[in-house]
Structure formats: structure tokens, C-alpha cells
>>> print(open('entry-v2.csv').read())   # CSV, C-alpha atoms and all ligand atoms
chain,number,residue,atom,x,y,z
A,306,MET,CA,-3.1,18.2,-21.5
A,307,GLU,CA,-3.0,14.5,-22.3
A,308,GLU,CA,-5.9,13.1,-24.2
A,309,GLN,CA,-7.1,9.6,-24.5
A,310,GLY,CA,-10.4,10.5,-26.1
A,311,GLY,CA,-12.8,9.4,-23.4
A,312,GLN,CA,-14.3,11.1,-20.4
A,313,ALA,CA,-12.7,14.4,-19.2
A,314,ALA,CA,-10.8,13.9,-15.9
A,315,PHE,CA,-9.4,16.3,-13.4
A,316,GLY,CA,-6.8,15.5,-10.9
A,317,TRP,CA,-3.5,16.7,-9.4
A,318,ALA,CA,-0.1,15.8,-10.9
A,319,ALA,CA,3.6,16.1,-10.1
A,320,ARG,CA,5.4,17.7,-13.0
A,321,ASP,CA,9.0,17.1,-11.9
A,322,ASP,CA,11.1,15.6,-9.1
A,323,THR,CA,10.2,18.3,-6.6
A,324,GLY,CA,7.1,16.1,-6.3
A,325,VAL,CA,4.9,19.2,-5.9
A,326,LEU,CA,1.4,18.4,-7.1
A,327,SER,CA,-0.8,20.9,-8.9
A,328,PRO,CA,-4.2,20.7,-10.7
A,329,TYR,CA,-4.1,18.8,-14.0
A,330,SER,CA,-6.8,18.1,-16.7
A,331,PHE,CA,-6.6,15.1,-18.9
A,332,SER,CA,-9.0,12.5,-20.3
A,333,ARG,CA,-9.6,8.8,-19.6
A,334,ARG,CA,-9.7,6.2,-22.3
A,335,VAL,CA,-12.8,5.4,-24.1
A,336,PRO,CA,-14.2,2.5,-22.1
A,337,LYS,CA,-13.9,-1.0,-23.7
A,338,ASP,CA,-16.5,-3.7,-23.3
A,339,ASP,CA,-14.8,-5.1,-20.2
A,340,ASP,CA,-14.1,-1.8,-18.6
A,341,VAL,CA,-15.7,-0.3,-15.5
A,342,THR,CA,-15.9,3.5,-15.0
A,343,ILE,CA,-15.4,4.5,-11.4
A,344,LYS,CA,-16.1,7.8,-9.7
A,345,VAL,CA,-13.2,8.1,-7.1
A,346,LEU,CA,-14.4,8.8,-3.6
A,347,TYR,CA,-11.3,8.3,-1.5
A,348,CYS,CA,-7.7,7.7,-2.3
A,349,GLY,CA,-4.9,6.9,0.2
A,350,ILE,CA,-1.4,8.4,0.0
A,351,CYS,CA,1.1,5.6,0.1
A,352,HIS,CA,4.8,6.1,0.6
A,353,THR,CA,5.2,4.6,-2.9
A,354,ASP,CA,3.5,7.7,-4.3
A,355,LEU,CA,6.1,9.8,-2.6
A,356,HIS,CA,9.0,7.6,-3.9
A,357,ILE,CA,7.6,7.9,-7.4
A,358,ILE,CA,6.8,11.6,-7.6
A,359,LYS,CA,10.2,12.5,-6.1
A,360,ASN,CA,11.8,10.1,-8.7
A,361,ASP,CA,13.5,8.1,-5.9
A,362,TRP,CA,13.3,5.0,-8.1
A,363,GLY,CA,14.3,6.8,-11.3
A,364,ASN,CA,11.2,5.8,-13.1
A,365,ALA,CA,8.9,8.7,-13.0
A,366,MET,CA,7.0,9.6,-16.2
A,367,TYR,CA,5.8,13.2,-15.6
A,368,PRO,CA,3.2,14.4,-15.3
A,369,VAL,CA,2.5,11.8,-12.6
A,370,VAL,CA,-1.0,11.6,-11.2
A,371,PRO,CA,-0.4,9.4,-8.1
A,372,GLY,CA,-2.8,7.2,-6.2
A,373,HIS,CA,-3.4,3.5,-6.0
A,374,GLU,CA,-5.5,3.1,-2.9
A,375,ILE,CA,-8.8,3.9,-4.5
A,376,VAL,CA,-12.3,3.4,-3.3
A,377,GLY,CA,-15.1,4.6,-5.5
A,378,VAL,CA,-18.5,4.0,-6.9
A,379,VAL,CA,-19.2,2.4,-10.3
A,380,THR,CA,-20.9,4.9,-12.7
A,381,GLY,CA,-20.8,2.8,-15.9
A,382,VAL,CA,-19.9,-0.6,-17.2
A,383,GLY,CA,-19.1,-2.0,-20.7
A,384,GLY,CA,-21.4,-4.5,-22.3
A,385,GLY,CA,-19.1,-7.4,-21.5
A,386,VAL,CA,-18.8,-6.6,-17.7
A,387,THR,CA,-20.3,-9.4,-15.6
A,388,ARG,CA,-19.2,-8.7,-12.0
A,389,PHE,CA,-20.2,-5.1,-11.5
A,390,LYS,CA,-23.0,-2.7,-12.1
A,391,ALA,CA,-23.6,1.1,-11.7
A,392,GLY,CA,-23.8,2.0,-8.0
A,393,ASP,CA,-21.5,-0.7,-6.7
A,394,THR,CA,-18.9,0.3,-4.2
A,395,VAL,CA,-15.5,-0.9,-5.4
A,396,GLY,CA,-11.8,-0.7,-4.9
A,397,VAL,CA,-8.7,-0.5,-7.2
A,398,GLY,CA,-5.3,-1.1,-5.8
A,399,TYR,CA,-1.7,-1.0,-7.1
A,400,PHE,CA,-2.2,-2.4,-10.6
A,401,VAL,CA,-4.8,-2.2,-13.4
A,402,GLY,CA,-3.4,-4.7,-15.9
A,403,SER,CA,-1.3,-7.7,-16.5
A,404,CYS,CA,-0.6,-10.0,-19.5
A,405,ARG,CA,-3.2,-12.6,-18.4
A,406,SER,CA,-1.2,-15.4,-20.2
A,407,CYS,CA,2.0,-15.9,-18.3
A,408,ASP,CA,2.6,-18.5,-15.6
A,409,SER,CA,2.1,-15.9,-12.8
A,410,CYS,CA,-1.2,-14.7,-14.3
A,411,GLY,CA,-2.3,-18.3,-14.8
A,412,LYS,CA,-1.8,-19.0,-11.1
A,413,GLY,CA,-3.7,-15.9,-10.1
A,414,ASN,CA,-0.5,-14.0,-9.1
A,415,GLU,CA,-1.1,-11.1,-11.5
A,416,ASN,CA,1.0,-8.9,-9.2
A,417,TYR,CA,4.1,-10.9,-10.2
A,418,CYS,CA,3.4,-10.7,-14.0
A,419,ALA,CA,6.4,-9.1,-15.8
A,420,GLY,CA,3.8,-7.0,-17.7
A,421,VAL,CA,1.9,-5.8,-14.6
A,422,VAL,CA,0.6,-2.3,-15.2
A,423,PRO,CA,0.7,-0.1,-12.1
A,424,THR,CA,-2.4,2.1,-11.6
A,425,SER,CA,-0.2,5.2,-11.6
A,426,ASN,CA,3.0,5.8,-13.6
A,427,GLY,CA,2.6,2.5,-15.4
A,428,VAL,CA,2.9,1.8,-19.1
A,429,ASP,CA,-0.3,0.3,-20.4
A,430,HIS,CA,0.5,-1.3,-23.8
A,431,ALA,CA,-3.0,-2.7,-24.1
A,432,HIS,CA,-4.3,0.8,-24.1
A,433,GLY,CA,-2.0,2.8,-26.3
A,434,GLY,CA,1.1,2.8,-24.1
A,435,VAL,CA,0.0,6.0,-22.4
A,436,PRO,CA,1.4,6.3,-18.8
A,437,THR,CA,-1.4,5.4,-16.3
A,438,LYS,CA,-2.9,8.1,-14.1
A,439,GLY,CA,-3.9,7.2,-10.6
A,440,GLY,CA,-6.6,8.0,-8.1
A,441,PHE,CA,-5.7,11.5,-7.2
A,442,SER,CA,-8.4,12.3,-9.8
A,443,ASP,CA,-12.1,12.3,-10.1
A,444,VAL,CA,-12.7,9.4,-12.4
A,445,ILE,CA,-10.8,6.2,-13.5
A,446,VAL,CA,-11.5,3.5,-16.1
A,447,VAL,CA,-10.3,0.0,-15.2
A,448,ASN,CA,-10.7,-3.5,-16.7
A,449,GLU,CA,-13.1,-5.3,-14.4
A,450,HIS,CA,-10.6,-8.0,-13.7
A,451,TYR,CA,-8.6,-5.6,-11.6
A,452,VAL,CA,-11.5,-4.2,-9.6
A,453,VAL,CA,-12.5,-5.6,-6.2
A,454,ARG,CA,-15.8,-5.3,-4.4
A,455,VAL,CA,-15.9,-3.4,-1.0
A,456,PRO,CA,-17.9,-5.4,1.5
A,457,ASP,CA,-20.9,-3.7,3.1
A,458,GLY,CA,-20.3,-2.1,6.4
A,459,LEU,CA,-16.7,-0.9,6.0
A,460,ALA,CA,-16.0,2.8,6.4
A,461,LEU,CA,-14.9,3.9,2.9
A,462,ASP,CA,-12.2,6.3,4.0
A,463,ARG,CA,-10.6,3.8,6.3
A,464,THR,CA,-10.9,1.1,3.6
A,465,ALA,CA,-9.0,3.0,0.9
A,466,PRO,CA,-5.5,2.3,2.4
A,467,LEU,CA,-6.3,-1.4,2.6
A,468,LEU,CA,-6.2,-1.5,-1.2
A,469,CYS,CA,-2.4,-1.3,-1.1
A,470,ALA,CA,-1.1,-1.1,2.5
A,471,GLY,CA,-3.6,-3.8,3.6
A,472,VAL,CA,-3.0,-6.4,0.9
A,473,THR,CA,0.8,-5.8,0.9
A,474,VAL,CA,1.0,-7.1,4.4
A,475,TYR,CA,-1.9,-9.5,4.4
A,476,SER,CA,-0.7,-11.4,1.3
A,477,PRO,CA,2.8,-12.4,2.7
A,478,MET,CA,1.3,-13.2,6.1
A,479,MET,CA,-1.0,-15.7,4.5
A,480,ARG,CA,1.8,-17.1,2.2
A,481,HIS,CA,4.3,-17.6,5.0
A,482,GLY,CA,1.9,-19.0,7.7
A,483,LEU,CA,2.1,-15.7,9.7
A,484,ASN,CA,-1.6,-15.9,10.3
A,485,GLU,CA,-1.6,-18.6,13.0
A,486,ALA,CA,-2.8,-17.9,16.5
A,487,GLY,CA,-0.1,-18.0,19.1
A,488,LYS,CA,2.8,-17.3,16.7
A,489,HIS,CA,4.9,-14.2,17.3
A,490,LEU,CA,5.0,-11.5,14.6
A,491,GLY,CA,7.4,-8.6,14.5
A,492,VAL,CA,6.3,-5.5,12.5
A,493,VAL,CA,9.1,-3.1,11.6
A,494,GLY,CA,8.1,0.5,10.9
A,495,LEU,CA,4.8,1.7,12.3
A,496,GLY,CA,3.5,3.6,9.3
A,497,GLY,CA,0.7,3.0,6.8
A,498,LEU,CA,1.7,-0.6,6.1
A,499,GLY,CA,3.0,-1.4,9.6
A,500,HIS,CA,-0.1,-0.3,11.5
A,501,VAL,CA,-2.4,-2.5,9.4
A,502,ALA,CA,0.0,-5.4,9.8
A,503,VAL,CA,-0.4,-5.0,13.6
A,504,LYS,CA,-4.2,-5.1,13.1
A,505,PHE,CA,-4.2,-8.2,10.9
A,506,GLY,CA,-1.7,-10.0,13.3
A,507,LYS,CA,-4.0,-9.3,16.2
A,508,ALA,CA,-7.1,-10.5,14.3
A,509,PHE,CA,-5.2,-13.7,13.5
A,510,GLY,CA,-4.6,-14.2,17.3
A,511,MET,CA,-0.9,-13.6,17.1
A,512,LYS,CA,1.5,-12.0,19.6
A,513,VAL,CA,2.6,-8.8,17.8
A,514,THR,CA,5.7,-6.7,18.6
A,515,VAL,CA,6.3,-3.4,16.9
A,516,ILE,CA,9.9,-2.5,16.1
A,517,SER,CA,10.1,1.2,15.6
A,518,THR,CA,12.4,4.2,15.6
A,519,SER,CA,9.7,6.4,17.2
A,520,ALA,CA,9.3,6.1,21.0
A,521,SER,CA,6.4,8.5,20.6
A,522,LYS,CA,4.3,5.8,19.0
A,523,ARG,CA,4.6,3.3,21.9
A,524,GLN,CA,1.5,4.2,23.8
A,525,GLU,CA,-0.7,4.3,20.8
A,526,ALA,CA,0.7,1.0,19.4
A,527,ILE,CA,-0.1,-0.8,22.6
A,528,GLU,CA,-3.3,0.9,23.8
A,529,HIS,CA,-5.0,1.7,20.5
A,530,LEU,CA,-3.6,-0.7,17.9
A,531,GLY,CA,-3.4,-3.7,20.2
A,532,ALA,CA,0.3,-4.5,19.9
A,533,ASP,CA,1.7,-6.6,22.7
A,534,GLU,CA,5.2,-5.2,22.8
A,535,PHE,CA,7.1,-2.3,21.4
A,536,LEU,CA,10.9,-2.2,20.7
A,537,ILE,CA,13.0,0.7,19.8
A,538,SER,CA,15.2,-0.7,17.0
A,539,ARG,CA,18.0,1.8,17.8
A,540,ASP,CA,18.2,0.5,21.4
A,541,PRO,CA,20.7,-2.4,21.4
A,542,GLU,CA,19.6,-3.6,24.9
A,543,GLN,CA,15.9,-3.8,24.0
A,544,MET,CA,16.8,-5.6,20.7
A,545,LYS,CA,19.1,-8.0,22.5
A,546,ALA,CA,16.5,-9.0,25.0
A,547,ALA,CA,14.2,-10.0,22.1
A,548,THR,CA,16.8,-12.2,20.3
A,549,GLY,CA,15.4,-15.4,18.8
A,550,THR,CA,11.8,-14.8,19.9
A,551,MET,CA,9.9,-14.2,16.6
A,552,ASP,CA,8.4,-16.6,14.1
A,553,GLY,CA,8.2,-13.9,11.4
A,554,ILE,CA,8.9,-10.3,10.7
A,555,ILE,CA,7.3,-7.9,8.2
A,556,ASP,CA,9.7,-5.1,7.4
A,557,THR,CA,7.8,-2.0,6.1
A,558,VAL,CA,10.6,0.6,6.4
A,559,SER,CA,10.8,3.0,3.5
A,560,ALA,CA,14.4,4.1,4.0
A,561,TRP,CA,17.7,2.3,4.3
A,562,HIS,CA,18.2,0.7,7.7
A,563,PRO,CA,20.3,-2.2,9.1
A,564,ILE,CA,18.5,-5.5,8.8
A,565,THR,CA,21.1,-7.7,10.6
A,566,PRO,CA,19.7,-6.7,14.1
A,567,LEU,CA,16.2,-7.5,12.8
A,568,LEU,CA,17.2,-11.0,11.6
A,569,ALA,CA,18.6,-11.7,15.0
A,570,LEU,CA,15.1,-11.4,16.4
A,571,LEU,CA,13.9,-14.4,14.5
A,572,LYS,CA,13.8,-17.9,15.8
A,573,PRO,CA,15.6,-20.5,13.8
A,574,LEU,CA,13.8,-21.1,10.5
A,575,GLY,CA,11.9,-17.8,11.1
A,576,GLN,CA,10.8,-15.8,8.1
A,577,MET,CA,11.6,-12.1,7.3
A,578,VAL,CA,9.5,-10.5,4.6
A,579,ILE,CA,10.7,-7.2,3.2
A,580,VAL,CA,8.0,-5.0,1.7
A,581,GLY,CA,9.5,-1.6,2.0
A,582,GLY,CA,11.3,0.0,-1.0
A,583,PRO,CA,14.4,1.9,0.2
A,584,SER,CA,16.2,3.2,-2.9
A,585,LYS,CA,19.7,2.3,-1.4
A,586,PRO,CA,20.5,-1.5,-1.2
A,587,LEU,CA,20.1,-3.2,2.2
A,588,GLU,CA,23.0,-5.2,3.6
A,589,LEU,CA,22.4,-8.9,4.0
A,590,PRO,CA,25.5,-10.7,5.5
A,591,ALA,CA,25.3,-14.5,5.2
A,592,TYR,CA,26.0,-14.9,9.0
A,593,ALA,CA,22.7,-13.1,9.7
A,594,PHE,CA,20.5,-15.7,8.2
A,595,VAL,CA,22.4,-18.8,7.1
A,596,PRO,CA,23.2,-20.3,10.5
A,597,GLY,CA,19.6,-20.0,11.7
A,598,GLY,CA,18.2,-21.3,8.4
A,599,LYS,CA,16.2,-18.1,8.3
A,600,GLY,CA,14.3,-17.0,5.2
A,601,VAL,CA,14.4,-13.5,3.6
A,602,ALA,CA,11.6,-12.9,1.1
A,603,GLY,CA,10.2,-10.0,-0.7
A,604,ASN,CA,6.6,-9.3,-1.5
A,605,SER,CA,4.9,-7.0,-3.9
A,606,VAL,CA,1.4,-6.0,-3.1
A,607,GLY,CA,-0.9,-9.0,-3.6
A,608,SER,CA,-3.1,-10.6,-6.3
A,609,VAL,CA,-6.6,-9.4,-7.1
A,610,GLY,CA,-7.8,-12.6,-5.3
A,611,ASP,CA,-5.7,-11.8,-2.2
A,612,CYS,CA,-7.1,-8.2,-2.2
A,613,GLN,CA,-10.7,-9.4,-2.3
A,614,ALA,CA,-10.0,-12.0,0.4
A,615,MET,CA,-8.2,-9.3,2.6
A,616,LEU,CA,-11.2,-7.0,2.2
A,617,GLU,CA,-13.6,-9.8,3.3
A,618,PHE,CA,-11.4,-10.5,6.3
A,619,ALA,CA,-11.3,-6.8,7.1
A,620,GLY,CA,-15.1,-6.7,6.8
A,621,LYS,CA,-15.5,-9.6,9.2
A,622,HIS,CA,-13.1,-8.3,11.8
A,623,GLY,CA,-14.0,-4.6,11.5
A,624,ILE,CA,-10.5,-3.7,10.4
A,625,GLY,CA,-9.8,-0.3,8.8
A,626,ALA,CA,-6.8,2.0,8.6
A,627,GLU,CA,-6.3,4.8,11.1
A,628,VAL,CA,-6.7,7.8,8.8
A,629,GLU,CA,-6.4,11.5,8.6
A,630,VAL,CA,-8.8,12.5,5.9
A,631,ILE,CA,-7.8,15.6,3.9
A,632,LYS,CA,-8.9,17.7,1.0
A,633,MET,CA,-6.9,17.7,-2.2
A,634,ASP,CA,-5.6,21.2,-1.7
A,635,TYR,CA,-3.7,19.9,1.4
A,636,VAL,CA,-2.0,17.2,-0.5
A,637,ASN,CA,1.4,18.8,-0.8
A,638,THR,CA,1.5,19.5,2.9
A,639,ALA,CA,0.4,15.9,3.6
A,640,ILE,CA,3.3,14.6,1.4
A,641,GLU,CA,5.8,16.8,3.3
A,642,ARG,CA,4.4,15.4,6.6
A,643,LEU,CA,4.6,11.8,5.3
A,644,GLU,CA,8.2,12.4,4.4
A,645,LYS,CA,8.9,13.6,7.9
A,646,ASN,CA,7.1,10.6,9.4
A,647,ASP,CA,4.4,12.9,10.8
A,648,VAL,CA,1.2,10.9,10.1
A,649,ARG,CA,-1.0,8.6,12.3
A,650,TYR,CA,-1.1,6.5,10.2
A,651,ARG,CA,-2.4,7.2,6.6
A,652,PHE,CA,-3.5,10.3,4.8
A,653,VAL,CA,-6.6,9.7,2.7
A,654,ILE,CA,-7.8,12.3,0.2
A,655,ASP,CA,-11.5,12.9,0.2
A,656,VAL,CA,-11.4,13.1,-3.6
A,657,ALA,CA,-15.1,13.4,-4.4
A,658,GLY,CA,-15.4,16.0,-1.6
A,659,SER,CA,-12.5,18.0,-3.1
A,660,LEU,CA,-12.8,17.8,-6.8
A,661,GLY,CA,-16.6,17.6,-7.2
A,662,SER,CA,-17.7,15.1,-9.8
A,663,ALA,CA,-17.0,14.9,-13.5
A,664,ALA,CA,-18.0,11.2,-13.3
B,701,LIG,P1,5.2,5.1,5.9
B,701,LIG,O1,3.8,5.3,6.3
B,701,LIG,O2,6.0,6.3,5.7
B,701,LIG,O3,5.8,4.1,7.0
B,701,LIG,C1,7.2,3.8,6.9
B,701,LIG,C2,7.7,3.6,8.4
B,701,LIG,O4,9.0,3.3,8.3
B,701,LIG,C3,7.7,4.9,9.2
B,701,LIG,O5,6.4,5.2,9.8
B,701,LIG,C4,8.7,4.7,10.2
B,701,LIG,O6,8.2,3.9,11.3
B,701,LIG,C5,9.7,3.8,9.5
B,701,LIG,N1,10.9,4.5,9.0
B,701,LIG,C6,10.9,5.6,8.2
B,701,LIG,N2,12.2,6.0,8.0
B,701,LIG,C7,13.0,5.1,8.7
B,701,LIG,C8,14.4,5.0,8.9
B,701,LIG,N3,15.3,5.8,8.3
B,701,LIG,N4,14.9,4.0,9.6
B,701,LIG,C9,14.0,3.1,10.2
B,701,LIG,N5,12.7,3.2,10.1
B,701,LIG,C10,12.2,4.2,9.4
B,701,LIG,O7,5.3,4.3,4.5
B,701,LIG,P2,4.3,3.1,4.0
B,701,LIG,O8,3.3,3.7,3.1
B,701,LIG,O9,3.9,2.2,5.1
B,701,LIG,O10,5.3,2.4,3.0
B,701,LIG,C11,6.5,1.8,3.5
B,701,LIG,C12,7.4,1.3,2.4
B,701,LIG,O11,6.7,0.2,1.8
B,701,LIG,C13,7.7,2.3,1.3
B,701,LIG,O12,9.0,2.2,0.9
B,701,LIG,C14,6.7,1.9,0.2
B,701,LIG,O13,7.2,2.3,-1.1
B,701,LIG,C15,6.7,0.4,0.4
B,701,LIG,N6,5.6,-0.2,-0.2
B,701,LIG,C16,5.8,-1.5,-0.7
B,701,LIG,C17,4.7,-2.2,-1.2
B,701,LIG,C18,5.0,-3.5,-1.8
B,701,LIG,O14,4.2,-4.1,-2.5
B,701,LIG,N7,6.1,-4.2,-1.5
B,701,LIG,C19,3.5,-1.7,-1.2
B,701,LIG,C20,3.3,-0.4,-0.6
B,701,LIG,C21,4.3,0.3,-0.1
B,701,LIG,P3,8.7,4.1,12.8
B,701,LIG,O15,8.4,5.6,13.1
B,701,LIG,O16,7.8,3.2,13.6
B,701,LIG,O17,10.1,3.8,12.9
B,702,ZN,ZN,1.1,1.6,-2.1
>>> encode(input="entry-v2.csv", output="C-alpha cells", more="lines below")
Ligand code: NAP
Ligand code: ZN
Amino acid sequence: MEEQGGQAAFGWAARDDTGVLSPYSFSRRVPKDDDVTIKVLYCGICHTDLHIIKNDWGNAMYPVVPGHEIVGVVTGVGGGVTRFKAGDTVGVGYFVGSCRSCDSCGKGNENYCAGVVPTSNGVDHAHGGVPTKGGFSDVIVVNEHYVVRVPDGLALDRTAPLLCAGVTVYSPMMRHGLNEAGKHLGVVGLGGLGHVAVKFGKAFGMKVTVISTSASKRQEAIEHLGADEFLISRDPEQMKAATGTMDGIIDTVSAWHPITPLLALLKPLGQMVIVGGPSKPLELPAYAFVPGGKGVAGNSVGSVGDCQAMLEFAGKHGIGAEVEVIKMDYVNTAIERLEKNDVRYRFVIDVAGSLGSAA
């Protein structure tokens, strides 16, 4: 049991690269003046959690308590906290710290700070260097700067995935002008990230085409999520027919896949944004993007400001993730199903309803 001297916490942790989670007791840090203590209500299961607990990226610091799509309620605030009070409904996303002094932090891009501290499996030098423990646990203590407010009226279980999946697609859509009515957006991979990208694209008034490997998702994508078209990426005829039609593409695929056929879908000067994290390098031949002047960009989640703006936008447009709410004791099955692409479209753990409350 790992102790930080503060409130007792109970969660589920992976102990090795089998990624199997089991109950785990630890303690949170003693809250500082600018800290908010949050009782976790819901936490989404992001594919990043899966990459980390299975050590796909070679950086797991076991025991890993995953979870960075957190919605909860404030149970206590330090004396210096100005933005939150007990009883507020709040969210915590992918990170809980940054240096606050570099160029990126100065510009409000904390997510690109070299010292960004992930909410789970991060090293938090400002708090003793102990690996961070995420939201698959009953309580979390977070500096108020990294906490966002959940607007009234949003369903909390459907909101949890927005804290990572939502902002990860919303942020690059805003940055690259992929938020303009009439433009054509391609969304590659209809999973947790992809399905919210479709919803944001439609709320912006765009034409949205899903590019998928799963023919079984076609009907739901069009009838329920509102996509305009649905392409099977492994069907060269369908892909050929859509050549040069898209202004931008958000690629959310978690595994290695060919991106040359995707770049061919862009108009000249079109923009591809890669947000997925395959562990094997993608191939990017010059001919696929140089002649068309096409852009290939990355994106890592979004800033705290982006996250707040995204939640306000979601509140206004009634956007929430499509979720399958589970109890914590189903988490290992859920992760196996996520690995097999058997989820429509995000698992969310009812943390408070599974673990009770130590908060
Ligand atoms: P997810 O729910 O598993 O969705 C990924 C989708 O990719 C699947 O639903 C599937 O869609 C498609 N896919 C899976 N395997 C494929 C393959 N071999 N070839 C082609 N397509 C495949 O995962 P997620 O939570 O949305 O996360 C997606 C990726 O983004 C992960 O790598 C995750 O780590 C990363 N991520 C990045 C950030 C960031 O800040 N950049 C933030 C969060 C997550 P179809 O069935 O439609 O083909
Ligand atoms: Zn995530």
C-alpha cells in the first residue's frame, strides 16, 4: 500500500502488463491550499488506459490506477481555492499538473508543457514524485487550476468521456478551422473519440463522413449519431470514390493502419490530425501529402481552457457520449471488450455506485 499521508483512498489497479485490475488501497496527498478534494462519481475507460496498463507504450509504473475521464463532486477545498466550493460538480481530464512557467503554460497550452503531469501514471514532482493515481478510485485531490466545471443539465455519466475523448477531438477541430458549417470532416475510427468527433462535427454544421473498419457500425453512425456518409477503409472502391473530397480528417485509430489512403481523401491543402496512439510507427510517404500541400498534425488532449469551452459547447448542444455504464467489478471484462472493439462507444464506470464513498 502506497501512502501519501492524506485521505484513505480505494480503487482498482493493474499490477503488471497483463493489465488485470484488482482492488487497491492507498492514500491521497494531504491537500494543499490550492487543492480541491473530489469524490469521484463516474470515470470513463479510454483506450489510453488500456495502452498504459498493458504497457504498450513501455512507460507503466505499476501499480497503475487508471482513469482520466473523471466527473465528481467537490467535498473540500483548500483555503486558497477561489473557483470551487463543496458541492460543485466538476471534471478532471488527462492531466493534473504542469510547470506553469514555460512558454506553453504561459499561452494556456498546459497540455503541451514538457512537465505535464498525467492524472494517472504520471510523475508529480511538485507532490513528492509519487506516480499519480487516476479516477478508478473513490477520491482524488487536484490543484484547482486543472479542475473544470460541469455545466448544469449535462448527464454526468455521458459527460465523463468528454473530459478526454471530447476535448481531444474538439481542440484540434477548433485550431484547424474544422468547426465551420459546410466543411467536410472525415472521422477515422468510430470508437470513444471518433463518435464524439461526429457529434461535434454535426453540431458545427459540417458534413461528416465516418471512415471505419466495422461495417456493423454503419446504420448507427448514420441514423443515431447523425453522420452523413460511412466509408469502409478496407474497401478500395469506396475510398477511391471519396478521393479529394474532405477539408479535414481526425484519425482516432488506436492501432497501426495505413494512412496514405486516408490522406488521399483530403482536398488540396486539407488537414489531417492524428490523435490515436498506435505503438508501431505509421508510414508517411512524401508523395501522400507533399503534392497536395496537405497538413499532418498531431494533437494531445486539450488545454484546461479548451476543456471548459468544450463542456460549455456540449452543454449548449446537448452533446454527451454514448455510454455503457458498468460497475467496477466488470472493469476487466470491459477492458477485454474494448480491446476487441466491442463497445458502443464508451464504457463508463459508476465509481461512486461501486466503491461506496470514502470521500
Ligand atoms: P477506441 O474506443 O478503442 O476506438 C478506436 C477505434 O479505432 C475503434 O473503435 C475502431 O473503429 C478503430 N480501430 C481499432 N483497431 C483498428 C485497426 N487495427 N485498424 C483500423 N482501425 C482500427 O479508442 P479511443 O478511446 O477512441 O482512443 C483511440 C486512440 O486515441 C487510442 O490510441 C488512444 O490512446 C488515443 N488517445 C489519444 C489522445 C490524445 O490526446 N491524442 C487522447 C485520448 C486517446 P472502427 O471500428 O470504426 O474501425
Ligand atoms: Zn484518454
>>> atom_distance(input="entry-v2.csv", atom1="atom CA of Arg642 of chain A", atom2="atom O5 of ligand LIG 701 (chain B)")
10.9 Å
>>> atom_distance(input="entry-v2.csv", atom1="atom CA of Val558 of chain A", atom2="atom C1 of ligand LIG 701 (chain B)")
4.7 Å
>>> closest_atom_pairs(input="entry-v2.csv", of="chain A", to="ligand LIG 701 (chain B)", cutoff="7 Å", atoms="all atoms listed in the file", output="Markdown table")
| residue | atom | partner | partner_atom | distance |
| --- | --- | --- | --- | --- |
| A:Cys351 | CA | B:LIG701 | O8 | 4.2 |
| A:His352 | CA | B:LIG701 | O8 | 3.8 |
| A:Thr353 | CA | B:LIG701 | O13 | 3.5 |
| A:His356 | CA | B:LIG701 | O13 | 6.3 |
| A:Cys469 | CA | B:LIG701 | C20 | 5.8 |
| A:Ala470 | CA | B:LIG701 | C20 | 5.4 |
| A:Thr473 | CA | B:LIG701 | O14 | 5.1 |
| A:Val493 | CA | B:LIG701 | O16 | 6.7 |
| A:Gly494 | CA | B:LIG701 | O6 | 3.4 |
| A:Leu495 | CA | B:LIG701 | O16 | 3.6 |
| A:Gly496 | CA | B:LIG701 | O3 | 3.3 |
| A:Gly497 | CA | B:LIG701 | O9 | 3.7 |
| A:Leu498 | CA | B:LIG701 | O9 | 3.7 |
| A:Gly499 | CA | B:LIG701 | O9 | 5.8 |
| A:Ile516 | CA | B:LIG701 | O16 | 6.6 |
| A:Ser517 | CA | B:LIG701 | O16 | 3.6 |
| A:Thr518 | CA | B:LIG701 | O17 | 3.6 |
| A:Ser519 | CA | B:LIG701 | O15 | 4.4 |
| A:Lys522 | CA | B:LIG701 | O16 | 6.9 |
| A:Thr557 | CA | B:LIG701 | C11 | 4.8 |
| A:Val558 | CA | B:LIG701 | O4 | 3.7 |
| A:Ser559 | CA | B:LIG701 | O12 | 3.3 |
| A:Ala560 | CA | B:LIG701 | N3 | 4.7 |
| A:Trp561 | CA | B:LIG701 | N3 | 5.8 |
| A:His562 | CA | B:LIG701 | N4 | 5.0 |
| A:Val580 | CA | B:LIG701 | N7 | 3.8 |
| A:Gly581 | CA | B:LIG701 | O11 | 3.3 |
| A:Gly582 | CA | B:LIG701 | O12 | 3.7 |
| A:Pro583 | CA | B:LIG701 | O12 | 5.5 |
| A:Asn604 | CA | B:LIG701 | N7 | 5.1 |
| A:Ser605 | CA | B:LIG701 | O14 | 3.3 |
| A:Val606 | CA | B:LIG701 | O14 | 3.4 |
| A:Leu643 | CA | B:LIG701 | O2 | 5.7 |
| A:Glu644 | CA | B:LIG701 | O2 | 6.6 |
| A:Asn646 | CA | B:LIG701 | O5 | 5.5 |
| A:Tyr650 | CA | B:LIG701 | O1 | 6.4 |
| A:Arg651 | CA | B:LIG701 | O1 | 6.5 |
>>> closest_residue(input="entry-v2.csv", among="A:Ala319, A:Val401, A:Ala520, A:Val472", to="ligand ZN 702 (chain B)", atoms="only C-alpha atoms and all ligand atoms")
A:Val472
>>> closest_residue(input="entry-v2.csv", among="A:Leu567, A:Ala318, A:Val503, A:Ile631", to="Arg539 of chain A", atoms="all atoms listed in the file")
A:Leu567
>>> closest_residue(input="entry-v2.csv", among="A:Asp361, A:Glu485, A:Asp340, A:Asp556", to="Glu449 of chain A", atoms="only C-alpha atoms")
A:Asp340
>>> residues_near_point(input="entry-v2.csv", point="(-24.7, -0.3, -8.5)", cutoff="8 Å", atoms="only C-alpha atoms", output="ChimeraX atom specification")
/A:378-380,389-394
>>> atom_distance(input="entry-v2.csv", atom1="atom CA of Ile555 of chain A", atom2="atom CA of Ser409 of chain A")
23.1 Å
>>> residues_around(input="entry-v2.csv", residues="Gly377 of chain A", least_positions_apart="6", cutoff="6 Å", atoms="only C-alpha atoms", output="VMD selection string")
chain A and resid 343 to 346 394 to 395
>>> residues_around(input="entry-v2.csv", residues="segment 367-370 of chain A", least_positions_apart="3", cutoff="8 Å", atoms="only C-alpha atoms", output="ChimeraX atom specification")
/A:316-321,358,425-426,438-442
